[in-house]
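Trainee: Have a look at this one before I ask anything.
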Amino acid sequence: MKRRIFLGLAPLFVLLIAMGAYAVSLFTKLGNSVDVILRENFRSVVAGQQMKESAERMDSALFFSLVGEEERARKMYTENLPVFRDNLDLEMHNITLPGEQELADKVQHLHNRYAERAEVFWKTADIETRRKMYFSEMLPAFTEVKDTAQDIIRINQDNMVEADREARALSAKSTRYMIFAIIAGLASAAYFAIRLQRSILEPIHALTAVSKELGEGDLDQVVPVMSQDELGQLADAFNKMATKLRAYRQVMGDQILQARQMTEITFSAFPDPIMVLAADGRVSFTNPAANTFLFKLGLKDGLPASVQSEVERVIKGAPDYLPTSFDRVIVFRVDEQEMFVLPRVIGMRDETGKIFGAAVVLQDVTRLRLLDEVKTNLVSTVSHELKTPLTSVRMGLHLLLEERIGSLNPKQTELLLAAREDSERLLRMINDLLDLAKLESGRTALPSVPTEPLALIQSAQEDLRVLVESRGSKLLTKVSPELPRVSVDARQIAHVFSNFVSNAVKHAKPGEEIVLRAKNQDGKVRFSVVDHGPGILPQFQAQLFDRFFRVPGSEQSGAGLGLAIAKEIVLAQGGTIGVQSTPGQGSEFYFDLPGIPNGEVT
């Protein structure tokens, strides 16, 4: 095969080498012609032109002396005399044409005589004598010098024209030869291409056709082996590969069928509805629970509208929809009963990350939601019932401390003060539990009003400045320009700011700055409180917004409900809350609220 390709392409290589050698020879000849024109003739033309110009200036200098410009005339003559002699010397050493030497010698002879008479001219003081000498001797000598120099220019220019004519003739002749060589090369290439096609391309075309059939699933293909060269070996290897593929398809078909049956059995055991959708949104698989659920809802080949929107968003490339709180629960009426479902939409991606479908799991959380409501109601009821006797206890402690029913000794006063402080702390904890229960139950409506972020920051600064300055710290504000408005309950958001700033004051050193900040964050408005305290270890940051959680080793003055309440307030406003902290460098507690586009009314 290699020998066949080499023999087919060898004539082309020979032709290319011959054309290359001829081109090099041609370029060498053309280069020599150009070199003659530029290096020899053109140099003589320039020298002759310079001699004419300097001779004219020397003649003008003699004439200026006749009109009284003696100093200017001598200066002009002195400056141009060396120029003439330098160019004459250049011409004497650049003789290349017949007759050029005689003309150069004549110019030299005439110039020497002209220079000798010029010396006599300058030594003559009488103007009238000079005038006669100029018109009778100097002017005719100058004219003869100029004419002879012009003859030198002319013969060199004529030779340049002749060299150009020869170069053009050589180029035209070479062009004809090149055209003939190209035509011969194209004919040879066509001839050898036809031969190569018969020996190489036809087997390749046959192999390509069989490969297409193989790619479409028809494995019963055989490539005819027409030679023992590389193409024959390739055809034989292809036939062996097709045989192995047929055997592999049989084995894999059995395994895929078994895997599909196991998958269907596994999904059938799930009590929650599971549906698999293709990239076009068409349902391609449902488990028995999903079939029963869709039948009871009166849906045959589709999903509930409340779930379909999330599926379309995930299929278009959005992150998986994996809610964790009951505020995303969807209520359906099934068998005359309410069924609470938490939908989960998971995008199915290939190795490159491209979406080719989505899996939908409708998790039944009816019982869990009821248990959560029972827990919330229990906490609310117990907290409310504890608040009434605690109020009586607080009143009794206040009466005792006011000594209206008798005087107290110092020890009794100390014990009563400690009891009053604990009762106040217990009352705050009960109030926090009640607030948290109300927020979780959704019974506390948070009225939202479009508000400028700058106004929220300024209001929080005014309310919290005294608290910060009482601890020796400074409260600063940083608000980015042109932020969109946010729809919030300003009173509840003020509680979030108060909680963030109170935590920052506890951990900031006296004199350090605490920053209230608002900026744009991916289309939302991020409000944050930044301190330069000790920071929070990464393993504790995910638990900060859990109820009753306090960082180990920190000041244990609260019940651990402040950040949990702040989280519920922000979630009720449609926002998100979080923290960014680096140990030893400080912390940033933040919450993001969706902005209201300009012109939109809420």
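Residue numbers start at 1 in each chain; chains themselves are named A, B, ... in the order of the structure tokens; ligands are numbered from 1 in the order shown.
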Would you mind listing what lies within 10 Å of Val501 of chain A as an mmCIF file with all heavy atoms, in the first residue's frame, with only C-alpha atoms counted and same-chain residues fewer than 5 positions away left out?
Mentor:
```cif
data_model
loop_
_atom_site.group_PDB
_atom_site.id
_atom_site.type_symbol
_atom_site.label_atom_id
_atom_site.label_comp_id
_atom_site.auth_asym_id
_atom_site.auth_seq_id
_atom_site.Cartn_x
_atom_site.Cartn_y
_atom_site.Cartn_z
ATOM 1 N N ALA A 460 -32.079 51.418 60.558
ATOM 2 C CA ALA A 460 -31.385 50.501 61.462
ATOM 3 C C ALA A 460 -30.209 51.188 62.147
ATOM 4 O O ALA A 460 -29.935 50.961 63.333
ATOM 5 C CB ALA A 460 -30.906 49.284 60.678
ATOM 6 N N GLN A 461 -29.509 52.066 61.422
ATOM 7 C CA GLN A 461 -28.377 52.779 62.021
ATOM 8 C C GLN A 461 -28.838 53.674 63.171
ATOM 9 O O GLN A 461 -28.209 53.710 64.230
ATOM 10 C CB GLN A 461 -27.672 53.601 60.945
ATOM 11 C CG GLN A 461 -26.444 54.350 61.454
ATOM 12 C CD GLN A 461 -25.855 55.271 60.407
ATOM 13 O OE1 GLN A 461 -26.566 55.707 59.511
ATOM 14 N NE2 GLN A 461 -24.569 55.567 60.526
ATOM 15 N N LEU A 464 -29.780 51.489 66.251
ATOM 16 C CA LEU A 464 -28.750 50.647 66.866
ATOM 17 C C LEU A 464 -27.479 51.401 67.218
ATOM 18 O O LEU A 464 -26.554 50.821 67.785
ATOM 19 C CB LEU A 464 -28.398 49.500 65.911
ATOM 20 C CG LEU A 464 -29.566 48.564 65.562
ATOM 21 C CD1 LEU A 464 -29.163 47.619 64.457
ATOM 22 C CD2 LEU A 464 -30.009 47.784 66.789
ATOM 23 N N ARG A 465 -27.396 52.698 66.877
ATOM 24 C CA ARG A 465 -26.163 53.442 67.145
ATOM 25 C C ARG A 465 -25.842 53.466 68.643
ATOM 26 O O ARG A 465 -24.689 53.269 69.061
ATOM 27 C CB ARG A 465 -26.307 54.867 66.622
ATOM 28 C CG ARG A 465 -25.010 55.673 66.765
ATOM 29 C CD ARG A 465 -25.207 57.107 66.300
ATOM 30 N NE ARG A 465 -25.544 57.133 64.890
ATOM 31 C CZ ARG A 465 -24.624 57.063 63.929
ATOM 32 N NH1 ARG A 465 -23.342 56.945 64.231
ATOM 33 N NH2 ARG A 465 -24.997 57.100 62.673
ATOM 34 N N LEU A 467 -26.690 51.346 71.007
ATOM 35 C CA LEU A 467 -26.231 50.032 71.466
ATOM 36 C C LEU A 467 -24.771 49.808 71.106
ATOM 37 O O LEU A 467 -23.977 49.319 71.928
ATOM 38 C CB LEU A 467 -27.103 48.949 70.827
ATOM 39 C CG LEU A 467 -26.636 47.496 71.022
ATOM 40 C CD1 LEU A 467 -26.674 47.133 72.495
ATOM 41 C CD2 LEU A 467 -27.499 46.543 70.203
ATOM 42 N N VAL A 468 -24.366 50.168 69.879
ATOM 43 C CA VAL A 468 -22.989 49.935 69.447
ATOM 44 C C VAL A 468 -22.022 50.846 70.189
ATOM 45 O O VAL A 468 -20.970 50.403 70.669
ATOM 46 C CB VAL A 468 -22.885 50.149 67.920
ATOM 47 C CG1 VAL A 468 -21.440 50.025 67.466
ATOM 48 C CG2 VAL A 468 -23.738 49.127 67.174
ATOM 49 N N LEU A 475 -20.408 52.309 64.426
ATOM 50 C CA LEU A 475 -21.338 51.750 63.467
ATOM 51 C C LEU A 475 -21.262 52.567 62.176
ATOM 52 O O LEU A 475 -21.547 53.769 62.159
ATOM 53 C CB LEU A 475 -22.772 51.773 64.014
ATOM 54 C CG LEU A 475 -23.829 51.092 63.136
ATOM 55 C CD1 LEU A 475 -23.514 49.614 62.982
ATOM 56 C CD2 LEU A 475 -25.220 51.268 63.741
ATOM 57 N N HIS A 495 -35.928 43.882 63.312
ATOM 58 C CA HIS A 495 -35.583 42.865 64.308
ATOM 59 C C HIS A 495 -34.391 42.028 63.837
ATOM 60 O O HIS A 495 -33.528 41.656 64.638
ATOM 61 C CB HIS A 495 -36.799 41.972 64.561
ATOM 62 C CG HIS A 495 -36.565 40.915 65.599
ATOM 63 N ND1 HIS A 495 -36.647 41.157 66.952
ATOM 64 C CD2 HIS A 495 -36.211 39.596 65.477
ATOM 65 C CE1 HIS A 495 -36.365 40.048 67.626
ATOM 66 N NE2 HIS A 495 -36.105 39.090 66.739
ATOM 67 N N VAL A 496 -34.321 41.750 62.527
ATOM 68 C CA VAL A 496 -33.188 40.982 61.984
ATOM 69 C C VAL A 496 -31.901 41.785 62.113
ATOM 70 O O VAL A 496 -30.862 41.280 62.552
ATOM 71 C CB VAL A 496 -33.459 40.616 60.513
ATOM 72 C CG1 VAL A 496 -32.271 39.839 59.941
ATOM 73 C CG2 VAL A 496 -34.728 39.795 60.384
ATOM 74 N N LYS A 506 -21.283 41.825 70.615
ATOM 75 C CA LYS A 506 -20.790 40.915 71.651
ATOM 76 C C LYS A 506 -19.375 40.420 71.346
ATOM 77 O O LYS A 506 -18.588 40.182 72.253
ATOM 78 C CB LYS A 506 -21.728 39.721 71.766
ATOM 79 C CG LYS A 506 -23.097 40.056 72.336
ATOM 80 C CD LYS A 506 -23.984 38.817 72.356
ATOM 81 C CE LYS A 506 -25.392 39.132 72.818
ATOM 82 N NZ LYS A 506 -26.266 37.945 72.792
ATOM 83 N N ILE A 514 -18.184 48.272 63.087
ATOM 84 C CA ILE A 514 -19.228 47.350 62.652
ATOM 85 C C ILE A 514 -19.930 48.017 61.471
ATOM 86 O O ILE A 514 -20.361 49.164 61.561
ATOM 87 C CB ILE A 514 -20.220 47.043 63.790
ATOM 88 C CG1 ILE A 514 -19.482 46.324 64.931
ATOM 89 C CG2 ILE A 514 -21.378 46.191 63.277
ATOM 90 C CD1 ILE A 514 -20.337 46.100 66.156
ATOM 91 N N VAL A 515 -20.035 47.300 60.363
ATOM 92 C CA VAL A 515 -20.506 47.897 59.108
ATOM 93 C C VAL A 515 -21.873 47.334 58.739
ATOM 94 O O VAL A 515 -22.061 46.116 58.679
ATOM 95 C CB VAL A 515 -19.506 47.637 57.960
ATOM 96 C CG1 VAL A 515 -19.996 48.317 56.677
ATOM 97 C CG2 VAL A 515 -18.124 48.146 58.340
ATOM 98 N N LEU A 516 -22.827 48.245 58.510
ATOM 99 C CA LEU A 516 -24.118 47.907 57.912
ATOM 100 C C LEU A 516 -24.000 48.133 56.416
ATOM 101 O O LEU A 516 -23.684 49.244 55.985
ATOM 102 C CB LEU A 516 -25.225 48.795 58.489
ATOM 103 C CG LEU A 516 -25.891 48.342 59.797
ATOM 104 C CD1 LEU A 516 -26.797 49.438 60.303
ATOM 105 C CD2 LEU A 516 -26.696 47.084 59.589
ATOM 106 N N SER A 528 -26.216 43.171 54.949
ATOM 107 C CA SER A 528 -25.296 42.404 55.787
ATOM 108 C C SER A 528 -24.740 43.271 56.908
ATOM 109 O O SER A 528 -24.742 44.502 56.831
ATOM 110 C CB SER A 528 -24.143 41.839 54.945
ATOM 111 O OG SER A 528 -23.429 42.871 54.309
ATOM 112 N N VAL A 529 -24.280 42.582 57.942
ATOM 113 C CA VAL A 529 -23.591 43.212 59.076
ATOM 114 C C VAL A 529 -22.223 42.554 59.176
ATOM 115 O O VAL A 529 -22.130 41.325 59.305
ATOM 116 C CB VAL A 529 -24.390 43.041 60.386
ATOM 117 C CG1 VAL A 529 -23.590 43.584 61.559
ATOM 118 C CG2 VAL A 529 -25.742 43.740 60.285
ATOM 119 N N VAL A 530 -21.174 43.360 59.099
ATOM 120 C CA VAL A 530 -19.801 42.861 59.058
ATOM 121 C C VAL A 530 -19.080 43.284 60.323
ATOM 122 O O VAL A 530 -19.123 44.464 60.714
ATOM 123 C CB VAL A 530 -19.052 43.390 57.819
ATOM 124 C CG1 VAL A 530 -17.644 42.819 57.767
ATOM 125 C CG2 VAL A 530 -19.819 43.060 56.549
ATOM 126 N N ASP A 531 -18.441 42.331 61.007
ATOM 127 C CA ASP A 531 -17.615 42.649 62.172
ATOM 128 C C ASP A 531 -16.228 42.065 61.966
ATOM 129 O O ASP A 531 -15.989 41.302 61.025
ATOM 130 C CB ASP A 531 -18.255 42.090 63.453
ATOM 131 C CG ASP A 531 -18.301 40.558 63.469
ATOM 132 O OD1 ASP A 531 -17.225 39.945 63.619
ATOM 133 O OD2 ASP A 531 -19.406 39.998 63.324
ATOM 134 N N PHE A 589 -22.846 38.402 58.562
ATOM 135 C CA PHE A 589 -24.186 37.830 58.542
ATOM 136 C C PHE A 589 -25.001 38.611 57.520
ATOM 137 O O PHE A 589 -25.019 39.845 57.542
ATOM 138 C CB PHE A 589 -24.836 37.923 59.920
ATOM 139 C CG PHE A 589 -24.300 36.917 60.907
ATOM 140 C CD1 PHE A 589 -23.139 37.164 61.622
ATOM 141 C CD2 PHE A 589 -24.947 35.707 61.101
ATOM 142 C CE1 PHE A 589 -22.638 36.240 62.519
ATOM 143 C CE2 PHE A 589 -24.453 34.773 62.002
ATOM 144 C CZ PHE A 589 -23.294 35.040 62.714
#
```
Trainee: Residues within 12 Å of Phe527 of chain A, please, as a PyMOL selection string. Count only C-alpha atoms; anything in the same chain fewer than 2 positions from it doesn't count.
Mentor: chain A and resi 452-454+456-457+460+477-480+483+486+493-494+496-497+500+515-521+524-525+529-530+570+575-579+588-595
Trainee: Generate a file of the selected residues that holds C-alpha atoms, formatted as a PDB file, in the first residue's frame.
Mentor:
```pdb
ATOM      1  CA  GLU A 452     -35.594  51.785  49.448  1.00  0.00           C
ATOM      2  CA  PRO A 453     -32.588  49.817  50.787  1.00  0.00           C
ATOM      3  CA  LEU A 454     -30.960  53.087  51.868  1.00  0.00           C
ATOM      4  CA  LEU A 456     -33.781  50.455  55.772  1.00  0.00           C
ATOM      5  CA  ILE A 457     -30.062  50.904  56.464  1.00  0.00           C
ATOM      6  CA  ALA A 460     -31.385  50.501  61.462  1.00  0.00           C
ATOM      7  CA  THR A 477     -22.953  52.201  56.705  1.00  0.00           C
ATOM      8  CA  LYS A 478     -22.078  51.351  53.102  1.00  0.00           C
ATOM      9  CA  VAL A 479     -24.865  51.383  50.503  1.00  0.00           C
ATOM     10  CA  SER A 480     -24.209  50.791  46.790  1.00  0.00           C
ATOM     11  CA  LEU A 483     -30.165  49.560  44.196  1.00  0.00           C
ATOM     12  CA  VAL A 486     -37.398  45.661  48.104  1.00  0.00           C
ATOM     13  CA  ILE A 493     -36.601  43.435  59.207  1.00  0.00           C
ATOM     14  CA  ALA A 494     -35.462  45.856  61.910  1.00  0.00           C
ATOM     15  CA  VAL A 496     -33.188  40.982  61.984  1.00  0.00           C
ATOM     16  CA  PHE A 497     -30.767  43.932  61.877  1.00  0.00           C
ATOM     17  CA  PHE A 500     -27.169  40.725  63.678  1.00  0.00           C
ATOM     18  CA  VAL A 515     -20.506  47.897  59.108  1.00  0.00           C
ATOM     19  CA  LEU A 516     -24.118  47.907  57.912  1.00  0.00           C
ATOM     20  CA  ARG A 517     -23.994  47.236  54.184  1.00  0.00           C
ATOM     21  CA  ALA A 518     -26.364  46.925  51.211  1.00  0.00           C
ATOM     22  CA  LYS A 519     -25.226  45.888  47.723  1.00  0.00           C
ATOM     23  CA  ASN A 520     -26.392  44.152  44.549  1.00  0.00           C
ATOM     24  CA  GLN A 521     -25.968  40.358  44.593  1.00  0.00           C
ATOM     25  CA  LYS A 524     -31.044  40.618  44.575  1.00  0.00           C
ATOM     26  CA  VAL A 525     -30.264  43.120  47.328  1.00  0.00           C
ATOM     27  CA  VAL A 529     -23.591  43.212  59.076  1.00  0.00           C
ATOM     28  CA  VAL A 530     -19.801  42.861  59.058  1.00  0.00           C
ATOM     29  CA  VAL A 570     -36.423  36.550  56.150  1.00  0.00           C
ATOM     30  CA  GLY A 575     -35.533  35.973  51.008  1.00  0.00           C
ATOM     31  CA  THR A 576     -32.568  33.836  52.018  1.00  0.00           C
ATOM     32  CA  ILE A 577     -30.213  34.141  54.983  1.00  0.00           C
ATOM     33  CA  GLY A 578     -26.638  33.042  55.576  1.00  0.00           C
ATOM     34  CA  VAL A 579     -23.206  33.746  57.037  1.00  0.00           C
ATOM     35  CA  GLU A 588     -20.572  38.699  57.776  1.00  0.00           C
ATOM     36  CA  PHE A 589     -24.186  37.830  58.542  1.00  0.00           C
ATOM     37  CA  TYR A 590     -26.400  38.584  55.546  1.00  0.00           C
ATOM     38  CA  PHE A 591     -29.847  38.147  54.068  1.00  0.00           C
ATOM     39  CA  ASP A 592     -30.862  38.551  50.406  1.00  0.00           C
ATOM     40  CA  LEU A 593     -34.211  40.018  49.328  1.00  0.00           C
ATOM     41  CA  PRO A 594     -35.539  40.023  45.745  1.00  0.00           C
ATOM     42  CA  GLY A 595     -35.482  43.460  44.142  1.00  0.00           C
TER      43      GLY A 595
END
```
Trainee: Please measure the separation of atom CA of Phe142 of chain A and atom CA of Glu116 of chain A, giving the value in Å to one decimal.
Mentor: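 Between atom CA of Phe142 of chain A and atom CA of Glu116 of chain A the gap is 12.7 Å.
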Trainee: Quick one: everything within 8 Å of segment 130-134 of chain A, counting only C-alpha atoms, minus sequence neighbours fewer than 4 positions away in the same chain. Send it as an MDAnalysis selection string.
Mentor: chainID A and resid 62:63 66 121 124:126 138:139
Trainee: Create the file for the chosen residues now, containing all heavy atoms and written as an mmCIF file, in the first residue's frame.
Mentor:
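The resulting file, selection-v2.cif, is reproduced below:
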```
data_model
loop_
_atom_site.group_PDB
_atom_site.id
_atom_site.type_symbol
_atom_site.label_atom_id
_atom_site.label_comp_id
_atom_site.auth_asym_id
_atom_site.auth_seq_id
_atom_site.Cartn_x
_atom_site.Cartn_y
_atom_site.Cartn_z
ATOM 1 N N LEU A 62 29.802 82.073 -9.673
ATOM 2 C CA LEU A 62 30.595 83.020 -10.453
ATOM 3 C C LEU A 62 29.740 84.204 -10.898
ATOM 4 O O LEU A 62 30.182 85.356 -10.889
ATOM 5 C CB LEU A 62 31.187 82.311 -11.668
ATOM 6 C CG LEU A 62 32.175 81.160 -11.371
ATOM 7 C CD1 LEU A 62 32.668 80.544 -12.675
ATOM 8 C CD2 LEU A 62 33.356 81.654 -10.546
ATOM 9 N N PHE A 63 28.480 83.904 -11.247
ATOM 10 C CA PHE A 63 27.609 84.984 -11.711
ATOM 11 C C PHE A 63 27.259 85.937 -10.563
ATOM 12 O O PHE A 63 27.166 87.134 -10.733
ATOM 13 C CB PHE A 63 26.343 84.375 -12.321
ATOM 14 C CG PHE A 63 25.418 85.393 -12.906
ATOM 15 C CD1 PHE A 63 25.693 85.967 -14.152
ATOM 16 C CD2 PHE A 63 24.298 85.828 -12.194
ATOM 17 C CE1 PHE A 63 24.835 86.919 -14.676
ATOM 18 C CE2 PHE A 63 23.465 86.783 -12.729
ATOM 19 C CZ PHE A 63 23.722 87.341 -13.978
ATOM 20 N N LEU A 66 29.646 88.709 -9.996
ATOM 21 C CA LEU A 66 29.590 89.814 -10.950
ATOM 22 C C LEU A 66 28.608 90.885 -10.522
ATOM 23 O O LEU A 66 28.700 92.033 -10.985
ATOM 24 C CB LEU A 66 29.194 89.289 -12.340
ATOM 25 C CG LEU A 66 30.169 88.274 -12.982
ATOM 26 C CD1 LEU A 66 29.648 87.822 -14.327
ATOM 27 C CD2 LEU A 66 31.562 88.893 -13.122
ATOM 28 N N PHE A 121 39.848 83.481 -12.046
ATOM 29 C CA PHE A 121 38.680 84.351 -11.952
ATOM 30 C C PHE A 121 38.570 84.974 -10.567
ATOM 31 O O PHE A 121 38.328 86.182 -10.425
ATOM 32 C CB PHE A 121 37.422 83.524 -12.273
ATOM 33 C CG PHE A 121 36.143 84.306 -12.208
ATOM 34 C CD1 PHE A 121 35.675 85.015 -13.312
ATOM 35 C CD2 PHE A 121 35.409 84.372 -11.022
ATOM 36 C CE1 PHE A 121 34.503 85.734 -13.233
ATOM 37 C CE2 PHE A 121 34.245 85.080 -10.942
ATOM 38 C CZ PHE A 121 33.772 85.777 -12.054
ATOM 39 N N THR A 124 41.144 87.731 -9.883
ATOM 40 C CA THR A 124 40.993 88.978 -10.641
ATOM 41 C C THR A 124 40.083 89.908 -9.871
ATOM 42 O O THR A 124 38.942 89.550 -9.556
ATOM 43 C CB THR A 124 40.416 88.698 -12.035
ATOM 44 O OG1 THR A 124 41.272 87.781 -12.708
ATOM 45 C CG2 THR A 124 40.296 89.981 -12.827
ATOM 46 N N ALA A 125 40.559 91.126 -9.608
ATOM 47 C CA ALA A 125 39.788 92.071 -8.799
ATOM 48 C C ALA A 125 38.894 92.943 -9.652
ATOM 49 O O ALA A 125 37.850 93.421 -9.183
ATOM 50 C CB ALA A 125 40.733 92.941 -7.964
ATOM 51 N N ASP A 126 39.236 93.172 -10.884
ATOM 52 C CA ASP A 126 38.472 94.079 -11.732
ATOM 53 C C ASP A 126 37.201 93.375 -12.192
ATOM 54 O O ASP A 126 37.249 92.279 -12.779
ATOM 55 C CB ASP A 126 39.328 94.491 -12.939
ATOM 56 C CG ASP A 126 38.573 95.491 -13.812
ATOM 57 O OD1 ASP A 126 38.121 96.510 -13.264
ATOM 58 O OD2 ASP A 126 38.405 95.178 -15.006
ATOM 59 N N MET A 138 34.315 80.959 -18.916
ATOM 60 C CA MET A 138 33.725 80.139 -17.861
ATOM 61 C C MET A 138 32.366 79.557 -18.285
ATOM 62 O O MET A 138 32.081 78.375 -18.055
ATOM 63 C CB MET A 138 33.556 80.949 -16.573
ATOM 64 C CG MET A 138 34.858 81.580 -16.083
ATOM 65 S SD MET A 138 36.196 80.361 -15.902
ATOM 66 C CE MET A 138 35.563 79.356 -14.619
ATOM 67 N N LEU A 139 31.510 80.370 -18.860
ATOM 68 C CA LEU A 139 30.181 79.911 -19.243
ATOM 69 C C LEU A 139 30.251 78.817 -20.312
ATOM 70 O O LEU A 139 29.558 77.775 -20.188
ATOM 71 C CB LEU A 139 29.328 81.091 -19.715
ATOM 72 C CG LEU A 139 27.870 80.741 -20.066
ATOM 73 C CD1 LEU A 139 27.165 80.134 -18.848
ATOM 74 C CD2 LEU A 139 27.142 81.993 -20.552
#
```
Trainee: Determine which residues of segment 122-203 of chain A DSSP labels as alpha helix (DSSP H) from the backbone of this structure, then write them out as a PyMOL selection string.
Mentor: chain A and resi 122-123+127-133+139-196+202-203
Trainee: For atom CA of Arg471 of chain A and atom CA of Asn503 of chain A, quote the distance in Å rounded to one decimal.
Mentor: 12.1 Å
Trainee: If you count only C-alpha atoms, which residues fall within 10 Å of Phe356 of chain A, apart from same-chain ones fewer than 2 positions away, as a CSV table (one decimal) with all heavy atoms, in the first residue's frame?
Mentor:
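part-v3.csv written:
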```
chain,number,residue,atom,x,y,z
A,277,LEU,N,-39.3,12.1,33.1
A,277,LEU,CA,-39.7,12.8,32.0
A,277,LEU,C,-38.5,12.9,31.0
A,277,LEU,O,-37.3,13.1,31.5
A,277,LEU,CB,-40.2,14.2,32.3
A,277,LEU,CG,-41.5,14.3,33.0
A,277,LEU,CD1,-41.3,14.1,34.6
A,277,LEU,CD2,-42.2,15.6,32.8
A,278,ALA,N,-38.8,12.9,29.7
A,278,ALA,CA,-37.7,13.1,28.7
A,278,ALA,C,-37.4,14.6,28.6
A,278,ALA,O,-38.1,15.5,29.2
A,278,ALA,CB,-38.2,12.5,27.4
A,279,ALA,N,-36.5,15.0,27.7
A,279,ALA,CA,-36.1,16.4,27.6
A,279,ALA,C,-37.2,17.2,27.0
A,279,ALA,O,-37.2,18.4,27.2
A,279,ALA,CB,-34.8,16.5,26.7
A,280,ASP,N,-38.1,16.6,26.3
A,280,ASP,CA,-39.2,17.4,25.7
A,280,ASP,C,-40.4,17.5,26.7
A,280,ASP,O,-41.5,18.0,26.3
A,280,ASP,CB,-39.7,16.7,24.4
A,280,ASP,CG,-40.1,15.3,24.6
A,280,ASP,OD1,-40.0,14.8,25.7
A,280,ASP,OD2,-40.5,14.7,23.6
A,315,ILE,N,-35.4,21.4,33.4
A,315,ILE,CA,-35.0,20.9,32.1
A,315,ILE,C,-34.2,22.0,31.3
A,315,ILE,O,-33.3,21.7,30.5
A,315,ILE,CB,-36.2,20.4,31.4
A,315,ILE,CG1,-36.7,19.1,32.0
A,315,ILE,CG2,-35.9,20.1,29.9
A,315,ILE,CD1,-37.9,18.5,31.4
A,347,GLY,N,-32.6,16.9,37.9
A,347,GLY,CA,-32.3,16.8,36.5
A,347,GLY,C,-31.3,15.6,36.2
A,347,GLY,O,-30.4,15.4,37.0
A,348,MET,N,-31.6,14.9,35.1
A,348,MET,CA,-30.8,13.8,34.7
A,348,MET,C,-29.8,14.3,33.7
A,348,MET,O,-30.2,14.8,32.6
A,348,MET,CB,-31.6,12.7,34.2
A,348,MET,CG,-32.6,12.1,35.2
A,348,MET,SD,-33.5,10.6,34.6
A,348,MET,CE,-34.5,11.3,33.3
A,349,ARG,N,-28.5,14.2,33.9
A,349,ARG,CA,-27.4,14.8,33.1
A,349,ARG,C,-26.5,13.7,32.6
A,349,ARG,O,-26.2,12.7,33.4
A,349,ARG,CB,-26.7,15.8,33.9
A,349,ARG,CG,-27.6,17.0,34.3
A,349,ARG,CD,-26.8,17.9,35.3
A,349,ARG,NE,-27.6,19.1,35.6
A,349,ARG,CZ,-28.6,19.2,36.5
A,349,ARG,NH1,-28.8,18.1,37.2
A,349,ARG,NH2,-29.2,20.3,36.8
A,350,ASP,N,-25.9,13.9,31.4
A,350,ASP,CA,-24.9,12.9,30.9
A,350,ASP,C,-23.6,13.3,31.4
A,350,ASP,O,-23.4,14.2,32.3
A,350,ASP,CB,-25.0,12.9,29.4
A,350,ASP,CG,-24.8,14.2,28.8
A,350,ASP,OD1,-24.3,15.1,29.5
A,350,ASP,OD2,-25.1,14.4,27.6
A,353,GLY,N,-22.7,16.9,31.4
A,353,GLY,CA,-23.5,17.9,32.1
A,353,GLY,C,-24.8,18.3,31.4
A,353,GLY,O,-25.5,19.1,31.9
A,354,LYS,N,-25.0,17.7,30.2
A,354,LYS,CA,-26.2,18.1,29.4
A,354,LYS,C,-27.5,17.4,29.9
A,354,LYS,O,-27.4,16.2,30.2
A,354,LYS,CB,-26.0,17.8,27.9
A,354,LYS,CG,-27.1,18.2,27.0
A,354,LYS,CD,-26.8,17.8,25.6
A,354,LYS,CE,-27.9,18.2,24.6
A,354,LYS,NZ,-27.7,17.9,23.2
A,358,ALA,N,-35.7,14.5,33.4
A,358,ALA,CA,-35.8,14.9,34.8
A,358,ALA,C,-36.6,13.8,35.5
A,358,ALA,O,-37.5,13.2,34.9
A,358,ALA,CB,-36.5,16.3,34.9
```
Trainee: Excluding Arg74 of chain A and any residue of its chain fewer than 2 positions from it, enumerate the residues within 12 Å of it, using only C-alpha atoms, and give them as a list in words.
Mentor: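 Contacts, in chain order: Arg57, Met58, Asp59, Ser60, Ala61, Leu62, Phe63, Phe64, Ser65, Leu66, Gly68, Glu69, Glu70, Glu71, Arg72, Met76, Tyr77, Thr78, Glu79, Asn80, Leu81, Ala118, Glu119, Phe121, Trp122 and Lys123 of chain A.
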Trainee: Atom CA of Arg282 of chain A and atom CA of Arg344 of chain A are how many Å apart?
Mentor: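 Pair atom CA of Arg282 of chain A / atom CA of Arg344 of chain A returns 17.3 Å.
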Trainee: Which residues, written as a ChimeraX atom specification, have at least one atom at most 9 Å from Ile346 of chain A, with only C-alpha atoms counted and residues fewer than 4 positions away on the same chain left out?
Mentor: /A:311,314,319-322,357-361
Trainee: Next, write the just-selected residues to a file, as a CSV table (one decimal), in the first residue's frame, keeping C-alpha atoms as the atom set.
Mentor:
```
chain,number,residue,atom,x,y,z
A,311,VAL,CA,-39.9,20.6,35.9
A,314,VAL,CA,-34.9,22.3,35.7
A,319,PRO,CA,-30.4,23.8,39.6
A,320,ASP,CA,-32.3,20.8,40.9
A,321,TYR,CA,-35.5,21.7,42.9
A,322,LEU,CA,-35.0,20.2,46.3
A,357,GLY,CA,-34.5,14.4,31.3
A,358,ALA,CA,-35.8,14.9,34.8
A,359,ALA,CA,-37.0,12.7,37.7
A,360,VAL,CA,-39.9,13.9,39.8
A,361,VAL,CA,-40.5,12.6,43.3
```
